[in-house]
file target-v7.pdb (PDB, N, CA and C atoms)
ATOM      1  N   MET A  24     137.050  42.553  76.591
ATOM      2  CA  MET A  24     138.101  42.752  75.613
ATOM      3  C   MET A  24     137.817  44.053  74.874
ATOM      4  N   VAL A  25     138.885  44.779  74.615
ATOM      5  CA  VAL A  25     138.781  46.065  73.935
ATOM      6  C   VAL A  25     139.679  46.043  72.709
ATOM      7  N   THR A  26     139.166  46.521  71.586
ATOM      8  CA  THR A  26     139.962  46.652  70.378
ATOM      9  C   THR A  26     140.388  48.110  70.264
ATOM     10  N   THR A  27     141.690  48.328  70.171
ATOM     11  CA  THR A  27     142.197  49.683  70.009
ATOM     12  C   THR A  27     142.574  49.917  68.557
ATOM     13  N   ASP A  28     142.805  51.183  68.207
ATOM     14  CA  ASP A  28     143.171  51.518  66.835
ATOM     15  C   ASP A  28     144.462  50.802  66.415
ATOM     16  N   ALA A  29     145.383  50.626  67.345
ATOM     17  CA  ALA A  29     146.655  49.958  67.028
ATOM     18  C   ALA A  29     146.463  48.490  66.645
ATOM     19  N   ASP A  30     145.352  47.887  67.051
ATOM     20  CA  ASP A  30     145.090  46.480  66.728
ATOM     21  C   ASP A  30     144.777  46.260  65.250
ATOM     22  N   PHE A  31     144.414  47.302  64.541
ATOM     23  CA  PHE A  31     143.972  47.148  63.162
ATOM     24  C   PHE A  31     145.106  46.999  62.155
ATOM     25  N   ALA A  32     146.319  47.449  62.471
ATOM     26  CA  ALA A  32     147.471  47.369  61.557
ATOM     27  C   ALA A  32     147.063  47.817  60.159
ATOM     28  N   ARG A  33     146.764  49.065  60.037
ATOM     29  CA  ARG A  33     146.291  49.643  58.767
ATOM     30  C   ARG A  33     147.248  49.344  57.617
ATOM     31  N   PHE A  34     146.698  49.070  56.469
ATOM     32  CA  PHE A  34     147.453  48.788  55.251
ATOM     33  C   PHE A  34     146.957  49.783  54.216
ATOM     34  N   THR A  35     147.773  50.806  53.954
ATOM     35  CA  THR A  35     147.358  51.909  53.098
ATOM     36  C   THR A  35     147.559  51.585  51.620
ATOM     37  N   GLU A  36     147.077  52.471  50.782
ATOM     38  CA  GLU A  36     147.271  52.342  49.339
ATOM     39  C   GLU A  36     148.764  52.387  49.000
ATOM     40  N   VAL A  37     149.516  53.210  49.703
ATOM     41  CA  VAL A  37     150.967  53.290  49.495
ATOM     42  C   VAL A  37     151.615  51.951  49.864
ATOM     43  N   ASP A  38     151.173  51.349  50.963
ATOM     44  CA  ASP A  38     151.691  50.030  51.354
ATOM     45  C   ASP A  38     151.386  48.988  50.286
ATOM     46  N   LEU A  39     150.174  49.021  49.756
ATOM     47  CA  LEU A  39     149.784  48.072  48.711
ATOM     48  C   LEU A  39     150.638  48.260  47.462
ATOM     49  N   ASP A  40     150.858  49.513  47.066
ATOM     50  CA  ASP A  40     151.688  49.786  45.892
ATOM     51  C   ASP A  40     153.113  49.269  46.084
ATOM     52  N   GLU A  41     153.670  49.490  47.287
ATOM     53  CA  GLU A  41     155.030  49.019  47.565
ATOM     54  C   GLU A  41     155.093  47.491  47.552
ATOM     55  N   ALA A  42     154.117  46.840  48.169
ATOM     56  CA  ALA A  42     154.089  45.376  48.192
ATOM     57  C   ALA A  42     153.965  44.817  46.778
ATOM     58  N   THR A  43     153.111  45.418  45.975
ATOM     59  CA  THR A  43     152.925  44.978  44.596
ATOM     60  C   THR A  43     154.218  45.138  43.805
ATOM     61  N   SER A  44     154.898  46.259  43.996
ATOM     62  CA  SER A  44     156.150  46.520  43.303
ATOM     63  C   SER A  44     157.216  45.495  43.705
ATOM     64  N   ARG A  45     157.307  45.216  44.990
ATOM     65  CA  ARG A  45     158.302  44.239  45.458
ATOM     66  C   ARG A  45     158.009  42.843  44.918
ATOM     67  N   LEU A  46     156.744  42.462  44.905
ATOM     68  CA  LEU A  46     156.390  41.134  44.399
ATOM     69  C   LEU A  46     156.663  41.025  42.910
ATOM     70  N   THR A  47     156.446  42.105  42.179
ATOM     71  CA  THR A  47     156.724  42.113  40.745
ATOM     72  C   THR A  47     158.226  41.935  40.494
ATOM     73  N   ARG A  48     159.052  42.630  41.283
ATOM     74  CA  ARG A  48     160.508  42.485  41.144
ATOM     75  C   ARG A  48     160.950  41.077  41.533
ATOM     76  N   LEU A  49     160.345  40.527  42.567
ATOM     77  CA  LEU A  49     160.689  39.167  42.986
ATOM     78  C   LEU A  49     160.349  38.158  41.888
ATOM     79  N   ALA A  50     159.203  38.339  41.244
ATOM     80  CA  ALA A  50     158.814  37.446  40.141
ATOM     81  C   ALA A  50     159.839  37.519  39.008
ATOM     82  N   ALA A  51     160.320  38.717  38.706
ATOM     83  CA  ALA A  51     161.320  38.878  37.651
ATOM     84  C   ALA A  51     162.620  38.161  38.033
ATOM     85  N   CYS A  52     162.992  38.225  39.304
ATOM     86  CA  CYS A  52     164.199  37.518  39.772
ATOM     87  C   CYS A  52     164.035  36.007  39.608
ATOM     88  N   TYR A  53     162.865  35.496  39.997
ATOM     89  CA  TYR A  53     162.602  34.063  39.833
ATOM     90  C   TYR A  53     162.717  33.662  38.367
ATOM     91  N   GLN A  54     162.109  34.443  37.485
ATOM     92  CA  GLN A  54     162.153  34.108  36.063
ATOM     93  C   GLN A  54     163.577  34.119  35.533
ATOM     94  N   ALA A  55     164.350  35.111  35.944
ATOM     95  CA  ALA A  55     165.734  35.219  35.462
ATOM     96  C   ALA A  55     166.593  34.049  35.955
ATOM     97  N   ARG A  56     166.402  33.662  37.204
ATOM     98  CA  ARG A  56     167.250  32.607  37.778
ATOM     99  C   ARG A  56     166.784  31.202  37.416
ATOM    100  N   LEU A  57     165.485  31.007  37.295
ATOM    101  CA  LEU A  57     164.966  29.653  37.116
ATOM    102  C   LEU A  57     164.533  29.333  35.691
ATOM    103  N   GLY A  58     164.372  30.354  34.880
ATOM    104  CA  GLY A  58     163.833  30.173  33.539
ATOM    105  C   GLY A  58     164.636  29.274  32.633
ATOM    106  N   LYS A  59     165.916  29.193  32.860
ATOM    107  CA  LYS A  59     166.781  28.402  31.973
ATOM    108  C   LYS A  59     167.157  27.039  32.542
ATOM    109  N   LEU A  60     166.645  26.725  33.738
ATOM    110  CA  LEU A  60     166.962  25.411  34.317
ATOM    111  C   LEU A  60     166.208  24.316  33.573
ATOM    112  N   ASP A  61     166.869  23.186  33.382
ATOM    113  CA  ASP A  61     166.182  22.091  32.699
ATOM    114  C   ASP A  61     165.295  21.318  33.687
ATOM    115  N   THR A  62     164.427  20.504  33.138
ATOM    116  CA  THR A  62     163.437  19.760  33.914
ATOM    117  C   THR A  62     164.075  18.888  34.984
ATOM    118  N   GLN A  63     165.187  18.266  34.657
ATOM    119  CA  GLN A  63     165.839  17.379  35.621
ATOM    120  C   GLN A  63     166.252  18.139  36.879
ATOM    121  N   ILE A  64     166.815  19.318  36.712
ATOM    122  CA  ILE A  64     167.221  20.109  37.878
ATOM    123  C   ILE A  64     165.999  20.571  38.663
ATOM    124  N   LEU A  65     164.965  21.020  37.964
ATOM    125  CA  LEU A  65     163.753  21.499  38.636
ATOM    126  C   LEU A  65     163.064  20.401  39.443
ATOM    127  N   ASP A  66     163.162  19.162  38.983
ATOM    128  CA  ASP A  66     162.426  18.068  39.618
ATOM    129  C   ASP A  66     163.282  17.138  40.480
ATOM    130  N   THR A  67     164.550  17.466  40.669
ATOM    131  CA  THR A  67     165.409  16.639  41.506
ATOM    132  C   THR A  67     165.129  16.929  42.977
ATOM    133  N   ARG A  68     164.861  15.868  43.714
ATOM    134  CA  ARG A  68     164.628  15.984  45.162
ATOM    135  C   ARG A  68     165.971  15.773  45.853
ATOM    136  N   PRO A  69     166.493  16.815  46.536
ATOM    137  CA  PRO A  69     167.820  16.710  47.158
ATOM    138  C   PRO A  69     167.947  15.536  48.123
ATOM    139  N   ALA A  70     166.927  15.328  48.950
ATOM    140  CA  ALA A  70     166.972  14.217  49.913
ATOM    141  C   ALA A  70     165.625  14.103  50.602
ATOM    142  N   GLY A  71     165.234  12.889  50.928
ATOM    143  CA  GLY A  71     164.044  12.625  51.730
ATOM    144  C   GLY A  71     162.836  13.480  51.438
ATOM    145  N   ASP A  72     162.426  14.252  52.432
ATOM    146  CA  ASP A  72     161.211  15.058  52.322
ATOM    147  C   ASP A  72     161.470  16.473  51.824
ATOM    148  N   ILE A  73     162.672  16.777  51.375
ATOM    149  CA  ILE A  73     162.986  18.125  50.908
ATOM    150  C   ILE A  73     162.292  18.363  49.568
ATOM    151  N   TRP A  74     161.668  19.524  49.438
ATOM    152  CA  TRP A  74     160.948  19.857  48.213
ATOM    153  C   TRP A  74     161.899  20.066  47.045
ATOM    154  N   THR A  75     161.395  19.803  45.848
ATOM    155  CA  THR A  75     162.146  20.103  44.631
ATOM    156  C   THR A  75     162.070  21.613  44.386
ATOM    157  N   ILE A  76     162.917  22.100  43.502
ATOM    158  CA  ILE A  76     162.871  23.523  43.146
ATOM    159  C   ILE A  76     161.498  23.856  42.565
ATOM    160  N   ARG A  77     160.962  22.974  41.727
ATOM    161  CA  ARG A  77     159.652  23.220  41.123
ATOM    162  C   ARG A  77     158.562  23.342  42.193
ATOM    163  N   GLN A  78     158.608  22.505  43.221
ATOM    164  CA  GLN A  78     157.608  22.567  44.287
ATOM    165  C   GLN A  78     157.702  23.878  45.075
ATOM    166  N   VAL A  79     158.923  24.297  45.357
ATOM    167  CA  VAL A  79     159.111  25.564  46.080
ATOM    168  C   VAL A  79     158.564  26.725  45.256
ATOM    169  N   VAL A  80     158.910  26.772  43.987
ATOM    170  CA  VAL A  80     158.445  27.851  43.113
ATOM    171  C   VAL A  80     156.929  27.845  43.018
ATOM    172  N   HIS A  81     156.336  26.676  42.873
ATOM    173  CA  HIS A  81     154.878  26.582  42.815
ATOM    174  C   HIS A  81     154.246  27.113  44.108
ATOM    175  N   HIS A  82     154.831  26.763  45.234
ATOM    176  CA  HIS A  82     154.304  27.181  46.530
ATOM    177  C   HIS A  82     154.349  28.703  46.687
ATOM    178  N   VAL A  83     155.474  29.320  46.371
ATOM    179  CA  VAL A  83     155.592  30.767  46.566
ATOM    180  C   VAL A  83     154.934  31.568  45.446
ATOM    181  N   SER A  84     154.563  30.923  44.366
ATOM    182  CA  SER A  84     153.931  31.659  43.263
ATOM    183  C   SER A  84     152.557  32.202  43.630
ATOM    184  N   HIS A  85     151.977  31.685  44.685
ATOM    185  CA  HIS A  85     150.642  32.144  45.078
ATOM    186  C   HIS A  85     150.685  33.363  45.990
ATOM    187  N   VAL A  86     151.855  33.930  46.216
ATOM    188  CA  VAL A  86     151.971  35.086  47.106
ATOM    189  C   VAL A  86     151.217  36.299  46.552
ATOM    190  N   THR A  87     151.099  36.411  45.241
ATOM    191  CA  THR A  87     150.362  37.546  44.678
ATOM    192  C   THR A  87     148.887  37.471  45.021
ATOM    193  N   GLU A  88     148.365  36.268  45.192
ATOM    194  CA  GLU A  88     146.964  36.132  45.598
ATOM    195  C   GLU A  88     146.757  36.762  46.967
ATOM    196  N   TYR A  89     147.739  36.629  47.860
ATOM    197  CA  TYR A  89     147.656  37.250  49.181
ATOM    198  C   TYR A  89     147.651  38.769  49.043
ATOM    199  N   ALA A  90     148.525  39.314  48.204
ATOM    200  CA  ALA A  90     148.586  40.762  48.012
ATOM    201  C   ALA A  90     147.271  41.286  47.438
ATOM    202  N   GLU A  91     146.690  40.552  46.500
ATOM    203  CA  GLU A  91     145.407  40.969  45.933
ATOM    204  C   GLU A  91     144.306  40.927  46.986
ATOM    205  N   MET A  92     144.322  39.917  47.853
ATOM    206  CA  MET A  92     143.334  39.805  48.910
ATOM    207  C   MET A  92     143.450  40.979  49.873
ATOM    208  N   VAL A  93     144.682  41.326  50.249
ATOM    209  CA  VAL A  93     144.884  42.461  51.162
ATOM    210  C   VAL A  93     144.362  43.734  50.510
ATOM    211  N   GLY A  94     144.593  43.882  49.213
ATOM    212  CA  GLY A  94     144.089  45.054  48.502
ATOM    213  C   GLY A  94     142.571  45.120  48.533
ATOM    214  N   ARG A  95     141.928  43.981  48.362
ATOM    215  CA  ARG A  95     140.454  43.964  48.428
ATOM    216  C   ARG A  95     139.962  44.298  49.831
ATOM    217  N   LEU A  96     140.681  43.798  50.844
ATOM    218  CA  LEU A  96     140.281  44.091  52.212
ATOM    219  C   LEU A  96     140.428  45.567  52.539
ATOM    220  N   SER A  97     141.525  46.194  52.103
ATOM    221  CA  SER A  97     141.728  47.617  52.399
ATOM    222  C   SER A  97     140.705  48.466  51.659
ATOM    223  N   ALA A  98     140.323  48.067  50.443
ATOM    224  CA  ALA A  98     139.302  48.797  49.703
ATOM    225  C   ALA A  98     137.942  48.680  50.370
ATOM    226  N   ALA A  99     137.665  47.524  50.942
ATOM    227  CA  ALA A  99     136.380  47.303  51.609
ATOM    228  C   ALA A  99     136.268  48.091  52.902
ATOM    229  N   SER A 100     137.388  48.412  53.531
ATOM    230  CA  SER A 100     137.343  49.103  54.819
ATOM    231  C   SER A 100     137.256  50.614  54.677
ATOM    232  N   THR A 101     137.357  51.143  53.456
ATOM    233  CA  THR A 101     137.277  52.588  53.281
ATOM    234  C   THR A 101     135.872  53.057  53.046
TER
END
call {"tool": "encode", "arguments": {"input": "target-v7.pdb", "output": "structure tokens"}}
result
Amino acid sequence: MVTTDADFARFTEVDLDEATSRLTRLAACYQARLGKLDTQILDTRPAGDIWTIRQVVHHVSHVTEYAEMVGRLSAAST
């Protein structure tokens, strides 16, 4: 097996800045749309195994941890 340069999928500082900026804007959108919903709406399960709005938001809220991890990895490779 051979690893080529294309296998590394480089993630530059510019890529990290863009990802961070997009995630920050996405967080602002979530706050604007969900911030005024009452508890009943956030915790209503539409049907069966479908997640509540609160569960979905909690799940995607950890996306910044991924961006921070990628940033640490790119810093370690330089």
call {"tool": "select_by_dssp", "arguments": {"input": "target-v7.pdb", "residues": "chain A", "states": "alpha helix (DSSP H)", "output": "NGL selection string"}}
result
:A and (36-57 or 62-66 or 76-83 or 86-99)
call {"tool": "residues_around", "arguments": {"input": "target-v7.pdb", "residues": "region 50-58 of chain A", "least_positions_apart": "4", "cutoff": "9 Å", "atoms": "only C-alpha atoms", "output": "PyMOL selection string"}}
result
chain A and resi 45-46+65+76+80+84
call {"tool": "atom_distance", "arguments": {"input": "target-v7.pdb", "atom1": "CA of Val83 (chain A)", "atom2": "CA of Asp38 (chain A)"}}
result
20.2 Å
call {"tool": "atom_distance", "arguments": {"input": "target-v7.pdb", "atom1": "CA of His81 (chain A)", "atom2": "CA of Leu39 (chain A)"}}
result
22.9 Å
call {"tool": "atom_distance", "arguments": {"input": "target-v7.pdb", "atom1": "CA of Asp61 (chain A)", "atom2": "atom N of Thr47 (chain A)"}}
result
24.2 Å
call {"tool": "decode", "arguments": {"input": "target-v7.pdb", "residues": "region 32-65 of chain A", "atoms": "N, CA, C and O atoms", "output": "PDB file, in the first residue's frame"}}
result
ATOM      1  N   ALA A  32      -5.624  15.036   2.152  1.00  0.00           N
ATOM      2  CA  ALA A  32      -6.714  16.025   2.195  1.00  0.00           C
ATOM      3  C   ALA A  32      -6.348  17.166   3.137  1.00  0.00           C
ATOM      4  O   ALA A  32      -6.938  17.365   4.192  1.00  0.00           O
ATOM      5  N   ARG A  33      -5.375  17.919   2.752  1.00  0.00           N
ATOM      6  CA  ARG A  33      -4.860  19.025   3.576  1.00  0.00           C
ATOM      7  C   ARG A  33      -5.969  19.985   3.994  1.00  0.00           C
ATOM      8  O   ARG A  33      -6.869  20.302   3.220  1.00  0.00           O
ATOM      9  N   PHE A  34      -5.893  20.458   5.206  1.00  0.00           N
ATOM     10  CA  PHE A  34      -6.847  21.409   5.769  1.00  0.00           C
ATOM     11  C   PHE A  34      -6.022  22.595   6.237  1.00  0.00           C
ATOM     12  O   PHE A  34      -5.348  22.540   7.247  1.00  0.00           O
ATOM     13  N   THR A  35      -6.073  23.682   5.463  1.00  0.00           N
ATOM     14  CA  THR A  35      -5.216  24.833   5.711  1.00  0.00           C
ATOM     15  C   THR A  35      -5.806  25.761   6.769  1.00  0.00           C
ATOM     16  O   THR A  35      -6.970  25.621   7.172  1.00  0.00           O
ATOM     17  N   GLU A  36      -5.027  26.744   7.150  1.00  0.00           N
ATOM     18  CA  GLU A  36      -5.488  27.764   8.091  1.00  0.00           C
ATOM     19  C   GLU A  36      -6.674  28.532   7.498  1.00  0.00           C
ATOM     20  O   GLU A  36      -7.630  28.863   8.206  1.00  0.00           O
ATOM     21  N   VAL A  37      -6.643  28.782   6.204  1.00  0.00           N
ATOM     22  CA  VAL A  37      -7.754  29.463   5.528  1.00  0.00           C
ATOM     23  C   VAL A  37      -9.014  28.594   5.604  1.00  0.00           C
ATOM     24  O   VAL A  37     -10.116  29.102   5.865  1.00  0.00           O
ATOM     25  N   ASP A  38      -8.861  27.291   5.398  1.00  0.00           N
ATOM     26  CA  ASP A  38     -10.004  26.375   5.519  1.00  0.00           C
ATOM     27  C   ASP A  38     -10.575  26.400   6.930  1.00  0.00           C
ATOM     28  O   ASP A  38     -11.791  26.409   7.125  1.00  0.00           O
ATOM     29  N   LEU A  39      -9.699  26.397   7.922  1.00  0.00           N
ATOM     30  CA  LEU A  39     -10.144  26.435   9.317  1.00  0.00           C
ATOM     31  C   LEU A  39     -10.892  27.730   9.613  1.00  0.00           C
ATOM     32  O   LEU A  39     -11.944  27.721  10.248  1.00  0.00           O
ATOM     33  N   ASP A  40     -10.363  28.855   9.133  1.00  0.00           N
ATOM     34  CA  ASP A  40     -11.029  30.140   9.349  1.00  0.00           C
ATOM     35  C   ASP A  40     -12.418  30.160   8.714  1.00  0.00           C
ATOM     36  O   ASP A  40     -13.375  30.639   9.306  1.00  0.00           O
ATOM     37  N   GLU A  41     -12.523  29.618   7.489  1.00  0.00           N
ATOM     38  CA  GLU A  41     -13.821  29.584   6.809  1.00  0.00           C
ATOM     39  C   GLU A  41     -14.805  28.678   7.553  1.00  0.00           C
ATOM     40  O   GLU A  41     -15.966  29.027   7.743  1.00  0.00           O
ATOM     41  N   ALA A  42     -14.345  27.512   7.984  1.00  0.00           N
ATOM     42  CA  ALA A  42     -15.211  26.590   8.720  1.00  0.00           C
ATOM     43  C   ALA A  42     -15.683  27.220  10.026  1.00  0.00           C
ATOM     44  O   ALA A  42     -16.861  27.133  10.384  1.00  0.00           O
ATOM     45  N   THR A  43     -14.783  27.879  10.727  1.00  0.00           N
ATOM     46  CA  THR A  43     -15.129  28.536  11.983  1.00  0.00           C
ATOM     47  C   THR A  43     -16.162  29.632  11.746  1.00  0.00           C
ATOM     48  O   THR A  43     -17.138  29.765  12.495  1.00  0.00           O
ATOM     49  N   SER A  44     -15.975  30.408  10.689  1.00  0.00           N
ATOM     50  CA  SER A  44     -16.899  31.481  10.357  1.00  0.00           C
ATOM     51  C   SER A  44     -18.287  30.920  10.030  1.00  0.00           C
ATOM     52  O   SER A  44     -19.308  31.436  10.493  1.00  0.00           O
ATOM     53  N   ARG A  45     -18.321  29.859   9.248  1.00  0.00           N
ATOM     54  CA  ARG A  45     -19.614  29.256   8.889  1.00  0.00           C
ATOM     55  C   ARG A  45     -20.324  28.690  10.115  1.00  0.00           C
ATOM     56  O   ARG A  45     -21.543  28.833  10.259  1.00  0.00           O
ATOM     57  N   LEU A  46     -19.577  28.045  10.993  1.00  0.00           N
ATOM     58  CA  LEU A  46     -20.194  27.476  12.194  1.00  0.00           C
ATOM     59  C   LEU A  46     -20.711  28.568  13.112  1.00  0.00           C
ATOM     60  O   LEU A  46     -21.762  28.415  13.744  1.00  0.00           O
ATOM     61  N   THR A  47     -20.001  29.681  13.181  1.00  0.00           N
ATOM     62  CA  THR A  47     -20.442  30.807  14.002  1.00  0.00           C
ATOM     63  C   THR A  47     -21.757  31.378  13.457  1.00  0.00           C
ATOM     64  O   THR A  47     -22.687  31.657  14.220  1.00  0.00           O
ATOM     65  N   ARG A  48     -21.848  31.513  12.129  1.00  0.00           N
ATOM     66  CA  ARG A  48     -23.088  32.008  11.517  1.00  0.00           C
ATOM     67  C   ARG A  48     -24.228  31.014  11.724  1.00  0.00           C
ATOM     68  O   ARG A  48     -25.367  31.409  11.973  1.00  0.00           O
ATOM     69  N   LEU A  49     -23.928  29.735  11.624  1.00  0.00           N
ATOM     70  CA  LEU A  49     -24.956  28.716  11.839  1.00  0.00           C
ATOM     71  C   LEU A  49     -25.485  28.772  13.274  1.00  0.00           C
ATOM     72  O   LEU A  49     -26.686  28.677  13.504  1.00  0.00           O
ATOM     73  N   ALA A  50     -24.588  28.963  14.234  1.00  0.00           N
ATOM     74  CA  ALA A  50     -25.008  29.077  15.638  1.00  0.00           C
ATOM     75  C   ALA A  50     -25.941  30.275  15.822  1.00  0.00           C
ATOM     76  O   ALA A  50     -26.944  30.184  16.535  1.00  0.00           O
ATOM     77  N   ALA A  51     -25.632  31.386  15.166  1.00  0.00           N
ATOM     78  CA  ALA A  51     -26.479  32.574  15.266  1.00  0.00           C
ATOM     79  C   ALA A  51     -27.865  32.293  14.672  1.00  0.00           C
ATOM     80  O   ALA A  51     -28.880  32.741  15.214  1.00  0.00           O
ATOM     81  N   CYS A  52     -27.910  31.545  13.577  1.00  0.00           N
ATOM     82  CA  CYS A  52     -29.203  31.179  12.969  1.00  0.00           C
ATOM     83  C   CYS A  52     -30.023  30.316  13.928  1.00  0.00           C
ATOM     84  O   CYS A  52     -31.229  30.514  14.085  1.00  0.00           O
ATOM     85  N   TYR A  53     -29.364  29.335  14.548  1.00  0.00           N
ATOM     86  CA  TYR A  53     -30.060  28.486  15.520  1.00  0.00           C
ATOM     87  C   TYR A  53     -30.629  29.330  16.655  1.00  0.00           C
ATOM     88  O   TYR A  53     -31.775  29.155  17.062  1.00  0.00           O
ATOM     89  N   GLN A  54     -29.823  30.239  17.186  1.00  0.00           N
ATOM     90  CA  GLN A  54     -30.290  31.067  18.296  1.00  0.00           C
ATOM     91  C   GLN A  54     -31.473  31.928  17.887  1.00  0.00           C
ATOM     92  O   GLN A  54     -32.447  32.058  18.631  1.00  0.00           O
ATOM     93  N   ALA A  55     -31.403  32.499  16.695  1.00  0.00           N
ATOM     94  CA  ALA A  55     -32.488  33.371  16.227  1.00  0.00           C
ATOM     95  C   ALA A  55     -33.789  32.587  16.021  1.00  0.00           C
ATOM     96  O   ALA A  55     -34.868  33.058  16.364  1.00  0.00           O
ATOM     97  N   ARG A  56     -33.676  31.391  15.470  1.00  0.00           N
ATOM     98  CA  ARG A  56     -34.886  30.616  15.157  1.00  0.00           C
ATOM     99  C   ARG A  56     -35.439  29.860  16.359  1.00  0.00           C
ATOM    100  O   ARG A  56     -36.636  29.659  16.476  1.00  0.00           O
ATOM    101  N   LEU A  57     -34.569  29.395  17.235  1.00  0.00           N
ATOM    102  CA  LEU A  57     -35.021  28.521  18.315  1.00  0.00           C
ATOM    103  C   LEU A  57     -35.109  29.202  19.675  1.00  0.00           C
ATOM    104  O   LEU A  57     -35.742  28.681  20.586  1.00  0.00           O
ATOM    105  N   GLY A  58     -34.492  30.355  19.798  1.00  0.00           N
ATOM    106  CA  GLY A  58     -34.399  31.026  21.087  1.00  0.00           C
ATOM    107  C   GLY A  58     -35.715  31.393  21.724  1.00  0.00           C
ATOM    108  O   GLY A  58     -35.830  31.467  22.940  1.00  0.00           O
ATOM    109  N   LYS A  59     -36.722  31.606  20.925  1.00  0.00           N
ATOM    110  CA  LYS A  59     -38.018  32.046  21.461  1.00  0.00           C
ATOM    111  C   LYS A  59     -39.050  30.928  21.560  1.00  0.00           C
ATOM    112  O   LYS A  59     -40.184  31.168  21.951  1.00  0.00           O
ATOM    113  N   LEU A  60     -38.652  29.708  21.180  1.00  0.00           N
ATOM    114  CA  LEU A  60     -39.606  28.593  21.278  1.00  0.00           C
ATOM    115  C   LEU A  60     -39.809  28.205  22.737  1.00  0.00           C
ATOM    116  O   LEU A  60     -38.869  28.194  23.524  1.00  0.00           O
ATOM    117  N   ASP A  61     -41.041  27.870  23.081  1.00  0.00           N
ATOM    118  CA  ASP A  61     -41.285  27.461  24.464  1.00  0.00           C
ATOM    119  C   ASP A  61     -40.910  25.983  24.657  1.00  0.00           C
ATOM    120  O   ASP A  61     -40.711  25.230  23.708  1.00  0.00           O
ATOM    121  N   THR A  62     -40.821  25.589  25.904  1.00  0.00           N
ATOM    122  CA  THR A  62     -40.381  24.248  26.282  1.00  0.00           C
ATOM    123  C   THR A  62     -41.236  23.159  25.653  1.00  0.00           C
ATOM    124  O   THR A  62     -40.718  22.137  25.218  1.00  0.00           O
ATOM    125  N   GLN A  63     -42.532  23.383  25.592  1.00  0.00           N
ATOM    126  CA  GLN A  63     -43.424  22.365  25.035  1.00  0.00           C
ATOM    127  C   GLN A  63     -43.078  22.066  23.578  1.00  0.00           C
ATOM    128  O   GLN A  63     -43.025  20.909  23.166  1.00  0.00           O
ATOM    129  N   ILE A  64     -42.823  23.095  22.797  1.00  0.00           N
ATOM    130  CA  ILE A  64     -42.468  22.879  21.390  1.00  0.00           C
ATOM    131  C   ILE A  64     -41.113  22.192  21.280  1.00  0.00           C
ATOM    132  O   ILE A  64     -40.930  21.275  20.481  1.00  0.00           O
ATOM    133  N   LEU A  65     -40.148  22.624  22.082  1.00  0.00           N
ATOM    134  CA  LEU A  65     -38.808  22.032  22.034  1.00  0.00           C
ATOM    135  C   LEU A  65     -38.813  20.552  22.408  1.00  0.00           C
ATOM    136  O   LEU A  65     -37.998  19.780  21.908  1.00  0.00           O
TER     137      LEU A  65
END
